[in-house]
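*Asks:* Pasting entry_6.cif below, which is mmCIF, C-alpha atoms.
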data_data
loop_
_atom_site.group_PDB
_atom_site.id
_atom_site.type_symbol
_atom_site.label_atom_id
_atom_site.label_comp_id
_atom_site.auth_asym_id
_atom_site.auth_seq_id
_atom_site.Cartn_x
_atom_site.Cartn_y
_atom_site.Cartn_z
ATOM 1 C CA MET J 13 153.653 84.071 -25.727
ATOM 2 C CA ASP J 14 150.258 85.768 -26.094
ATOM 3 C CA LYS J 15 148.533 83.547 -28.644
ATOM 4 C CA THR J 16 145.146 85.260 -28.641
ATOM 5 C CA VAL J 17 143.645 86.348 -31.964
ATOM 6 C CA GLU J 18 140.957 89.010 -32.173
ATOM 7 C CA SER J 19 138.410 86.952 -34.099
ATOM 8 C CA ALA J 20 137.664 83.515 -35.493
ATOM 9 C CA ALA J 21 137.858 84.964 -39.009
ATOM 10 C CA ALA J 22 141.400 86.227 -38.398
ATOM 11 C CA ALA J 23 142.417 82.924 -36.800
ATOM 12 C CA VAL J 24 141.441 80.834 -39.843
ATOM 13 C CA ALA J 25 142.312 83.372 -42.546
ATOM 14 C CA ASP J 26 145.196 81.265 -43.894
ATOM 15 C CA ILE J 27 143.138 78.076 -44.274
ATOM 16 C CA GLY J 28 142.923 77.725 -48.036
ATOM 17 C CA ASP J 29 141.603 75.324 -50.633
ATOM 18 C CA GLY J 30 142.765 71.744 -50.200
ATOM 19 C CA ALA J 31 143.830 72.172 -46.568
ATOM 20 C CA SER J 32 143.592 69.243 -44.159
ATOM 21 C CA LEU J 33 141.781 69.851 -40.873
ATOM 22 C CA ALA J 34 141.669 67.814 -37.670
ATOM 23 C CA VAL J 35 138.445 68.851 -35.934
ATOM 24 C CA GLY J 36 137.448 68.057 -32.362
ATOM 25 C CA GLY J 37 134.008 67.133 -31.119
ATOM 26 C CA PHE J 38 131.694 64.160 -30.890
ATOM 27 C CA GLY J 39 128.160 64.646 -32.151
ATOM 28 C CA LEU J 40 127.309 68.112 -30.805
ATOM 29 C CA SER J 41 129.649 67.971 -27.805
ATOM 30 C CA GLY J 42 132.813 70.055 -27.908
ATOM 31 C CA VAL J 43 132.432 71.117 -31.536
ATOM 32 C CA PRO J 44 134.369 74.288 -32.543
ATOM 33 C CA ASN J 45 131.327 75.833 -34.242
ATOM 34 C CA ALA J 46 132.648 79.395 -34.391
ATOM 35 C CA LEU J 47 135.870 78.335 -36.102
ATOM 36 C CA VAL J 48 134.062 76.047 -38.544
ATOM 37 C CA GLN J 49 131.647 78.855 -39.409
ATOM 38 C CA ALA J 50 134.604 81.169 -39.998
ATOM 39 C CA VAL J 51 136.169 78.624 -42.364
ATOM 40 C CA PHE J 52 132.840 78.465 -44.215
ATOM 41 C CA GLU J 53 132.657 82.245 -44.515
ATOM 42 C CA GLY J 54 136.284 82.321 -45.669
ATOM 43 C CA GLY J 55 135.354 80.257 -48.724
ATOM 44 C CA ALA J 56 137.909 77.447 -48.462
ATOM 45 C CA THR J 57 136.913 74.346 -50.408
ATOM 46 C CA ASP J 58 138.236 70.884 -51.356
ATOM 47 C CA LEU J 59 138.963 70.344 -47.654
ATOM 48 C CA HIS J 60 140.255 67.079 -46.207
ATOM 49 C CA VAL J 61 138.712 66.618 -42.764
ATOM 50 C CA VAL J 62 139.703 64.265 -39.953
ATOM 51 C CA SER J 63 136.998 64.061 -37.293
ATOM 52 C CA ASN J 64 134.944 61.450 -35.484
ATOM 53 C CA ASN J 65 131.838 62.457 -37.448
ATOM 54 C CA CYS J 66 130.971 65.159 -39.960
ATOM 55 C CA GLY J 67 128.589 67.379 -38.050
ATOM 56 C CA ALA J 68 124.984 66.997 -36.963
ATOM 57 C CA MET J 69 121.779 69.031 -36.993
ATOM 58 C CA ASP J 70 123.136 71.539 -39.525
ATOM 59 C CA SER J 71 125.959 72.578 -37.221
ATOM 60 C CA GLY J 72 129.698 72.057 -37.087
ATOM 61 C CA LEU J 73 131.194 70.340 -40.110
ATOM 62 C CA ALA J 74 127.680 69.781 -41.510
ATOM 63 C CA VAL J 75 127.797 73.442 -42.596
ATOM 64 C CA LEU J 76 130.856 72.824 -44.785
ATOM 65 C CA LEU J 77 129.551 69.470 -45.982
ATOM 66 C CA ALA J 78 126.195 70.847 -47.137
ATOM 67 C CA ALA J 79 128.003 73.561 -49.094
ATOM 68 C CA GLY J 80 130.107 70.973 -50.947
ATOM 69 C CA ARG J 81 133.339 72.242 -49.412
ATOM 70 C CA ILE J 82 134.590 68.874 -48.096
ATOM 71 C CA ALA J 83 136.311 66.490 -50.506
ATOM 72 C CA ARG J 84 137.456 63.792 -48.097
ATOM 73 C CA VAL J 85 136.631 62.665 -44.568
ATOM 74 C CA THR J 86 138.600 60.383 -42.281
ATOM 75 C CA GLY J 87 136.266 59.388 -39.467
ATOM 76 C CA SER J 88 134.508 56.620 -37.608
ATOM 77 C CA PHE J 89 130.813 57.520 -37.514
ATOM 78 C CA LEU J 90 128.232 58.731 -40.034
ATOM 79 C CA GLY J 91 125.569 59.147 -37.355
ATOM 80 C CA ASN J 92 122.232 60.621 -38.356
ATOM 81 C CA ASN J 93 123.791 62.965 -40.901
ATOM 82 C CA HIS J 94 121.628 62.096 -43.894
ATOM 83 C CA GLU J 95 123.414 64.551 -46.190
ATOM 84 C CA PHE J 96 126.742 62.917 -45.374
ATOM 85 C CA ARG J 97 125.288 59.522 -46.234
ATOM 86 C CA ARG J 98 123.801 60.853 -49.466
ATOM 87 C CA GLN J 99 127.027 62.485 -50.637
ATOM 88 C CA TYR J 100 129.056 59.387 -49.788
ATOM 89 C CA LEU J 101 126.774 56.990 -51.683
ATOM 90 C CA ALA J 102 126.549 59.421 -54.607
ATOM 91 C CA GLY J 103 130.325 59.602 -54.913
ATOM 92 C CA GLU J 104 130.456 63.297 -54.041
ATOM 93 C CA VAL J 105 132.711 62.862 -51.002
ATOM 94 C CA GLU J 106 135.419 60.336 -50.158
ATOM 95 C CA LEU J 107 135.245 58.588 -46.779
ATOM 96 C CA GLU J 108 137.911 56.604 -44.983
ATOM 97 C CA LEU J 109 135.886 54.872 -42.279
ATOM 98 C CA ILE J 110 138.057 53.431 -39.504
ATOM 99 C CA PRO J 111 137.526 52.069 -35.975
ATOM 100 C CA GLN J 112 136.974 54.841 -33.430
ATOM 101 C CA GLY J 113 139.829 53.802 -31.145
ATOM 102 C CA THR J 114 142.147 53.587 -34.133
ATOM 103 C CA LEU J 115 141.185 57.115 -35.169
ATOM 104 C CA ALA J 116 141.951 58.395 -31.682
ATOM 105 C CA GLU J 117 145.341 56.681 -31.591
ATOM 106 C CA ARG J 118 146.258 57.789 -35.131
ATOM 107 C CA LEU J 119 145.680 61.410 -34.106
ATOM 108 C CA ARG J 120 147.646 60.983 -30.882
ATOM 109 C CA ALA J 121 150.481 59.204 -32.673
ATOM 110 C CA GLY J 122 150.751 61.965 -35.238
ATOM 111 C CA GLY J 123 150.855 64.533 -32.476
ATOM 112 C CA VAL J 124 153.749 62.906 -30.622
ATOM 113 C CA GLY J 125 155.799 62.079 -33.709
ATOM 114 C CA ILE J 126 155.039 58.360 -34.037
ATOM 115 C CA PRO J 127 154.742 57.575 -37.775
ATOM 116 C CA ALA J 128 152.845 54.296 -37.380
ATOM 117 C CA PHE J 129 151.797 51.665 -34.853
ATOM 118 C CA TYR J 130 150.335 48.162 -34.694
ATOM 119 C CA THR J 131 146.842 47.451 -33.355
ATOM 120 C CA PRO J 132 144.640 44.331 -33.254
ATOM 121 C CA ALA J 133 141.576 46.373 -34.272
ATOM 122 C CA GLY J 134 140.531 45.443 -37.791
ATOM 123 C CA VAL J 135 142.578 42.258 -38.220
ATOM 124 C CA GLY J 136 140.683 39.747 -40.353
ATOM 125 C CA THR J 137 138.384 42.425 -41.815
ATOM 126 C CA GLN J 138 138.456 44.774 -44.795
ATOM 127 C CA VAL J 139 140.107 47.347 -42.541
ATOM 128 C CA ALA J 140 143.274 45.266 -42.878
ATOM 129 C CA GLU J 141 142.580 43.333 -46.077
ATOM 130 C CA GLY J 142 141.449 46.316 -48.128
ATOM 131 C CA GLY J 143 138.402 46.747 -50.309
ATOM 132 C CA LEU J 144 136.406 49.181 -48.152
ATOM 133 C CA PRO J 145 134.670 51.694 -50.438
ATOM 134 C CA TRP J 146 136.348 55.055 -50.004
ATOM 135 C CA ARG J 147 134.444 56.607 -52.900
ATOM 136 C CA HIS J 148 131.391 55.361 -54.762
ATOM 137 C CA ASP J 149 130.858 55.993 -58.455
ATOM 138 C CA GLY J 150 127.275 57.179 -58.095
ATOM 139 C CA SER J 151 125.894 54.133 -59.868
ATOM 140 C CA GLY J 152 126.133 51.577 -57.094
ATOM 141 C CA GLY J 153 129.765 50.680 -57.751
ATOM 142 C CA VAL J 154 133.045 51.529 -56.050
ATOM 143 C CA ALA J 155 135.358 54.082 -57.651
ATOM 144 C CA VAL J 156 138.104 54.044 -54.985
ATOM 145 C CA ALA J 157 138.673 51.252 -52.460
ATOM 146 C CA SER J 158 140.969 51.076 -49.447
ATOM 147 C CA PRO J 159 144.325 49.353 -50.003
ATOM 148 C CA PRO J 160 145.477 46.361 -47.928
ATOM 149 C CA LYS J 161 147.563 47.120 -44.867
ATOM 150 C CA GLU J 162 150.557 45.362 -43.416
ATOM 151 C CA VAL J 163 149.686 42.663 -40.872
ATOM 152 C CA ARG J 164 152.352 41.295 -38.542
ATOM 153 C CA ALA J 165 152.307 38.757 -35.736
ATOM 154 C CA PHE J 166 153.702 39.510 -32.277
ATOM 155 C CA ASP J 167 153.796 36.645 -29.767
ATOM 156 C CA GLY J 168 151.405 34.684 -31.936
ATOM 157 C CA VAL J 169 148.827 37.514 -32.226
ATOM 158 C CA GLU J 170 148.238 39.396 -35.470
ATOM 159 C CA TYR J 171 148.237 43.192 -35.605
ATOM 160 C CA VAL J 172 147.557 45.651 -38.429
ATOM 161 C CA LEU J 173 149.817 48.606 -39.126
ATOM 162 C CA GLU J 174 148.122 52.025 -38.914
ATOM 163 C CA ARG J 175 149.742 55.350 -39.756
ATOM 164 C CA GLY J 176 149.764 58.412 -37.533
ATOM 165 C CA ILE J 177 147.787 61.435 -38.730
ATOM 166 C CA ARG J 178 149.106 64.966 -39.154
ATOM 167 C CA CYS J 179 146.966 67.791 -40.538
ATOM 168 C CA ASP J 180 147.712 71.308 -41.746
ATOM 169 C CA PHE J 181 145.375 72.765 -39.129
ATOM 170 C CA ALA J 182 143.408 71.638 -36.090
ATOM 171 C CA LEU J 183 140.207 73.265 -34.824
ATOM 172 C CA VAL J 184 139.158 72.586 -31.238
ATOM 173 C CA ARG J 185 136.882 73.952 -28.516
ATOM 174 C CA ALA J 186 137.738 74.249 -24.818
ATOM 175 C CA ALA J 187 135.874 75.407 -21.739
ATOM 176 C CA ARG J 188 138.813 77.461 -20.462
ATOM 177 C CA GLY J 189 142.054 78.593 -21.955
ATOM 178 C CA ASP J 190 144.781 81.082 -21.141
ATOM 179 C CA ARG J 191 146.756 83.373 -23.411
ATOM 180 C CA HIS J 192 149.571 80.819 -23.600
ATOM 181 C CA GLY J 193 147.238 78.214 -25.101
ATOM 182 C CA ASN J 194 146.837 75.924 -22.088
ATOM 183 C CA LEU J 195 143.379 74.364 -22.335
ATOM 184 C CA VAL J 196 140.795 72.728 -20.091
ATOM 185 C CA PHE J 197 137.908 70.733 -21.593
ATOM 186 C CA ALA J 198 134.583 70.238 -19.824
ATOM 187 C CA LYS J 199 133.244 66.738 -19.254
ATOM 188 C CA SER J 200 132.300 64.934 -22.507
ATOM 189 C CA ALA J 201 133.731 67.784 -24.597
ATOM 190 C CA ARG J 202 137.062 66.209 -23.702
ATOM 191 C CA ASN J 203 136.489 63.703 -26.472
ATOM 192 C CA PHE J 204 138.572 64.082 -29.620
ATOM 193 C CA ASN J 205 139.560 67.674 -28.870
ATOM 194 C CA PRO J 206 142.946 67.033 -27.169
ATOM 195 C CA LEU J 207 143.875 64.444 -29.802
ATOM 196 C CA ALA J 208 142.846 66.625 -32.739
ATOM 197 C CA ALA J 209 144.781 69.525 -31.252
ATOM 198 C CA MET J 210 147.927 67.427 -31.040
ATOM 199 C CA ALA J 211 147.656 66.398 -34.690
ATOM 200 C CA GLY J 212 147.557 69.912 -36.150
ATOM 201 C CA ARG J 213 150.639 71.694 -37.422
ATOM 202 C CA VAL J 214 148.756 74.894 -36.608
ATOM 203 C CA THR J 215 146.183 74.409 -33.851
ATOM 204 C CA ILE J 216 143.442 76.958 -33.272
ATOM 205 C CA ALA J 217 141.338 76.813 -30.118
ATOM 206 C CA GLU J 218 138.091 78.613 -29.412
ATOM 207 C CA VAL J 219 137.578 78.983 -25.666
ATOM 208 C CA GLU J 220 134.417 79.700 -23.717
ATOM 209 C CA GLU J 221 136.402 81.491 -21.013
ATOM 210 C CA LEU J 222 139.726 83.220 -21.595
ATOM 211 C CA VAL J 223 141.876 83.653 -18.477
ATOM 212 C CA GLU J 224 145.288 85.061 -17.758
ATOM 213 C CA PRO J 225 148.371 82.811 -17.541
ATOM 214 C CA GLY J 226 148.604 81.242 -14.101
ATOM 215 C CA ALA J 227 144.849 81.223 -13.520
ATOM 216 C CA ILE J 228 144.679 77.538 -14.471
ATOM 217 C CA ASP J 229 146.291 75.148 -11.984
ATOM 218 C CA PRO J 230 149.003 73.264 -13.928
ATOM 219 C CA ASP J 231 147.569 69.999 -12.561
ATOM 220 C CA HIS J 232 144.236 70.846 -14.183
ATOM 221 C CA VAL J 233 145.564 71.504 -17.686
ATOM 222 C CA HIS J 234 144.237 68.907 -20.143
ATOM 223 C CA LEU J 235 146.285 70.119 -23.106
ATOM 224 C CA PRO J 236 149.485 72.154 -22.680
ATOM 225 C CA GLY J 237 149.950 75.285 -24.733
ATOM 226 C CA VAL J 238 152.880 73.820 -26.661
ATOM 227 C CA PHE J 239 150.287 72.176 -28.918
ATOM 228 C CA VAL J 240 148.282 75.381 -29.509
ATOM 229 C CA GLN J 241 149.281 78.277 -31.762
ATOM 230 C CA ARG J 242 146.144 80.487 -31.731
ATOM 231 C CA VAL J 243 143.404 81.163 -29.161
ATOM 232 C CA VAL J 244 140.046 82.827 -29.850
ATOM 233 C CA ALA J 245 137.781 83.958 -27.003
ATOM 234 C CA LEU J 246 134.110 83.259 -27.680
ATOM 235 C CA THR J 247 131.438 85.823 -26.930
ATOM 236 C CA PRO J 248 129.019 84.926 -24.092
ATOM 237 C CA ARG J 249 126.379 84.141 -26.703
ATOM 238 C CA GLU J 250 128.706 81.845 -28.665
ATOM 239 C CA ALA J 251 129.864 80.135 -25.473
ATOM 240 C CA SER J 252 126.312 79.361 -24.342
ATOM 241 C CA ASP J 253 124.995 78.238 -27.735
ATOM 242 C CA LYS J 254 124.952 74.471 -27.185
ATOM 243 C CA LYS J 255 122.419 72.367 -29.043
ATOM 244 C CA ILE J 256 120.978 69.026 -27.915
ATOM 245 C CA GLU J 257 120.918 66.320 -30.581
ATOM 246 C CA ILE J 258 118.462 63.938 -28.929
ATOM 247 C CA ARG J 259 116.465 65.359 -26.042
ATOM 248 C CA THR J 260 115.654 62.598 -23.558
ATOM 249 C CA VAL J 261 113.643 63.260 -20.430
ATOM 250 C CA ARG J 262 112.160 60.892 -17.901
ATOM 251 C CA PRO J 263 108.381 61.282 -17.431
ATOM 252 C CA PRO J 264 107.326 62.044 -13.861
ATOM 253 C CA SER J 265 106.378 58.939 -11.884
ATOM 254 C CA PRO J 266 102.703 58.688 -10.889
ATOM 255 C CA VAL J 267 102.421 59.220 -7.145
ATOM 256 C CA THR J 268 99.867 57.609 -4.878
ATOM 257 C CA ALA J 269 97.910 59.468 -2.246
ATOM 258 C CA THR J 270 100.460 58.334 0.338
ATOM 259 C CA GLY J 271 103.277 59.858 -1.673
ATOM 260 C CA GLU J 272 104.656 56.505 -2.857
ATOM 261 C CA ALA J 273 105.461 56.055 -6.536
ATOM 262 C CA ARG J 274 103.282 53.543 -8.344
ATOM 263 C CA THR J 275 104.938 50.898 -10.503
#
Would you write the structure of this file as structure tokens?

*Replies:*
Amino acid sequence: MDKTVESAAAAVADIGDGASLAVGGFGLSGVPNALVQAVFEGGATDLHVVSNNCGAMDSGLAVLLAAGRIARVTGSFLGNNHEFRRQYLAGEVELELIPQGTLAERLRAGGVGIPAFYTPAGVGTQVAEGGLPWRHDGSGGVAVASPPKEVRAFDGVEYVLERGIRCDFALVRAARGDRHGNLVFAKSARNFNPLAAMAGRVTIAEVEELVEPGAIDPDHVHLPGVFVQRVVALTPREASDKKIEIRTVRPPSPVTATGEART
């Protein structure tokens, strides 16, 4: 039952060329940076990635993307990743861009064994009708376009059929985890991490704090260990290394002599 692995490198050692990866995180929040870096150092290429976005500020999946290791991305947000945009428009990477809620549900569905489901998101658009550019040809044209999807009416409302997602591996980051793989995510880091973890055939979790079984109240577990196969404990330095994508601070309010804020 002890699922701990001694290092990130050992945990991802069997991720090879062409593997599909479900990766947690949203922007810079909850990104499994240590595991992604280990995949980079392991040399795997031609990867098929499923994640909300493809890294930011030269961290997370942006490391693999910049090195040309990612062949295909299924996601919902390009963000401010200029290299991602450049590779996509140049035809160097394939992108299946889908609604964010649909991505979340496709991961969850794959994790619980549901092969497909109907959703109203995308009906009447190219999401359902097909024709979205998955890969450009580098000359302003489209080399590969999305196919049309089945649309069916229920009670007079149309819905589009979306398939569940299963990946060879899942990489996630948690605030706490025990040796059995039970995980707790902190605040906004509980974004795509539980869903990505469910979608992996082999799920690897990096945890900021490793505790013994029983230390986590069962009512506080966000993801049960049945979905997790390997656990890596981060070093204190790795656990505290959290970047800020857009630093926003409120300037101090001018104060009058009486101590009242001026407007």

*Asks:* For a cut-off of 9 Å around (130.6, 80.6, -35.0), file coordinates, pick out all residues using only C-alpha atoms and list them as a list in words.

*Replies:*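 Neighbouring residues, ordered by chain and number, come to Ala20, Pro44, Asn45, Ala46, Leu47, Val48, Gln49, Ala50, Gly72, Leu246 and Glu250 of chain J.
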
*Asks:* Please produce a file of those selected residues containing C-alpha atoms, as a PDB file, in the frame of the given file.

*Replies:*
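Below is the file selection-v5.pdb, written as the result:
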ATOM      1  CA  ALA J  20     137.664  83.515 -35.493  1.00  0.00           C
ATOM      2  CA  PRO J  44     134.369  74.288 -32.543  1.00  0.00           C
ATOM      3  CA  ASN J  45     131.327  75.833 -34.242  1.00  0.00           C
ATOM      4  CA  ALA J  46     132.648  79.395 -34.391  1.00  0.00           C
ATOM      5  CA  LEU J  47     135.870  78.335 -36.102  1.00  0.00           C
ATOM      6  CA  VAL J  48     134.062  76.047 -38.544  1.00  0.00           C
ATOM      7  CA  GLN J  49     131.647  78.855 -39.409  1.00  0.00           C
ATOM      8  CA  ALA J  50     134.604  81.169 -39.998  1.00  0.00           C
ATOM      9  CA  GLY J  72     129.698  72.057 -37.087  1.00  0.00           C
ATOM     10  CA  LEU J 246     134.110  83.259 -27.680  1.00  0.00           C
ATOM     11  CA  GLU J 250     128.706  81.845 -28.665  1.00  0.00           C
TER      12      GLU J 250
END

*Asks:* So, with only C-alpha atoms as the atoms that count, which of J:Glu224, J:Asp253, J:Glu174, J:Asp14 lies closest to Thr131 in chain J?

*Replies:*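 The closest residue to Thr131 in chain J is J:Glu174.
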
*Asks:* Evaluate the PyMOL selection byres ((chain J and resi 93) around 9) here and jot the selected residues down as a list in words.

*Replies:*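 So the PyMOL selection byres ((chain J and resi 93) around 9), applied here, picks out Asn65, Cys66, Gly67, Ala68, Met69, Asp70, Ala74, Leu90, Gly91, Asn92, His94, Glu95, Phe96, Arg97 and Arg98 of chain J.
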
*Asks:* What separation in Å, quoted to one decimal, exists between CA of Arg188 in chain J and CA of Asp229 in chain J?

*Replies:*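 Spanning CA of Arg188 in chain J to CA of Asp229 in chain J is a straight-line distance of 11.5 Å.
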
*Asks:* Nearest residue to Gly168 in chain J out of J:Pro230, J:Arg120, J:Pro132, J:Ala198, using only C-alpha atoms?

*Replies:*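 Closest residue, counting only C-alpha atoms: J:Pro132.
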
*Asks:* Of the candidates J:Met13, J:Val172, J:Ala208, J:Val24, which one gets nearest to Asn194 in chain J if we count all atoms listed in the file?

*Replies:*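 Closest to Asn194 in chain J of all the choices is J:Met13.
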
*Asks:* Report as a list in words the residues that result from applying the PyMOL selection byres ((chain J and resi 215) around 7) to the structure here.

*Replies:*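 Checking the PyMOL selection byres ((chain J and resi 215) around 7) against this file, the residues are Phe181, Ala182, Leu183, Ala209, Gly212, Arg213, Val214, Ile216, Ala217, Phe239, Val240, Gln241 and Arg242 of chain J.
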
*Asks:* Can those selected residues be exported to a file as a PDB file, keeping the file's coordinate frame so that it contains C-alpha atoms?

*Replies:*
ATOM      1  CA  PHE J 181     145.375  72.765 -39.129  1.00  0.00           C
ATOM      2  CA  ALA J 182     143.408  71.638 -36.090  1.00  0.00           C
ATOM      3  CA  LEU J 183     140.207  73.265 -34.824  1.00  0.00           C
ATOM      4  CA  ALA J 209     144.781  69.525 -31.252  1.00  0.00           C
ATOM      5  CA  GLY J 212     147.557  69.912 -36.150  1.00  0.00           C
ATOM      6  CA  ARG J 213     150.639  71.694 -37.422  1.00  0.00           C
ATOM      7  CA  VAL J 214     148.756  74.894 -36.608  1.00  0.00           C
ATOM      8  CA  ILE J 216     143.442  76.958 -33.272  1.00  0.00           C
ATOM      9  CA  ALA J 217     141.338  76.813 -30.118  1.00  0.00           C
ATOM     10  CA  PHE J 239     150.287  72.176 -28.918  1.00  0.00           C
ATOM     11  CA  VAL J 240     148.282  75.381 -29.509  1.00  0.00           C
ATOM     12  CA  GLN J 241     149.281  78.277 -31.762  1.00  0.00           C
ATOM     13  CA  ARG J 242     146.144  80.487 -31.731  1.00  0.00           C
TER      14      ARG J 242
END
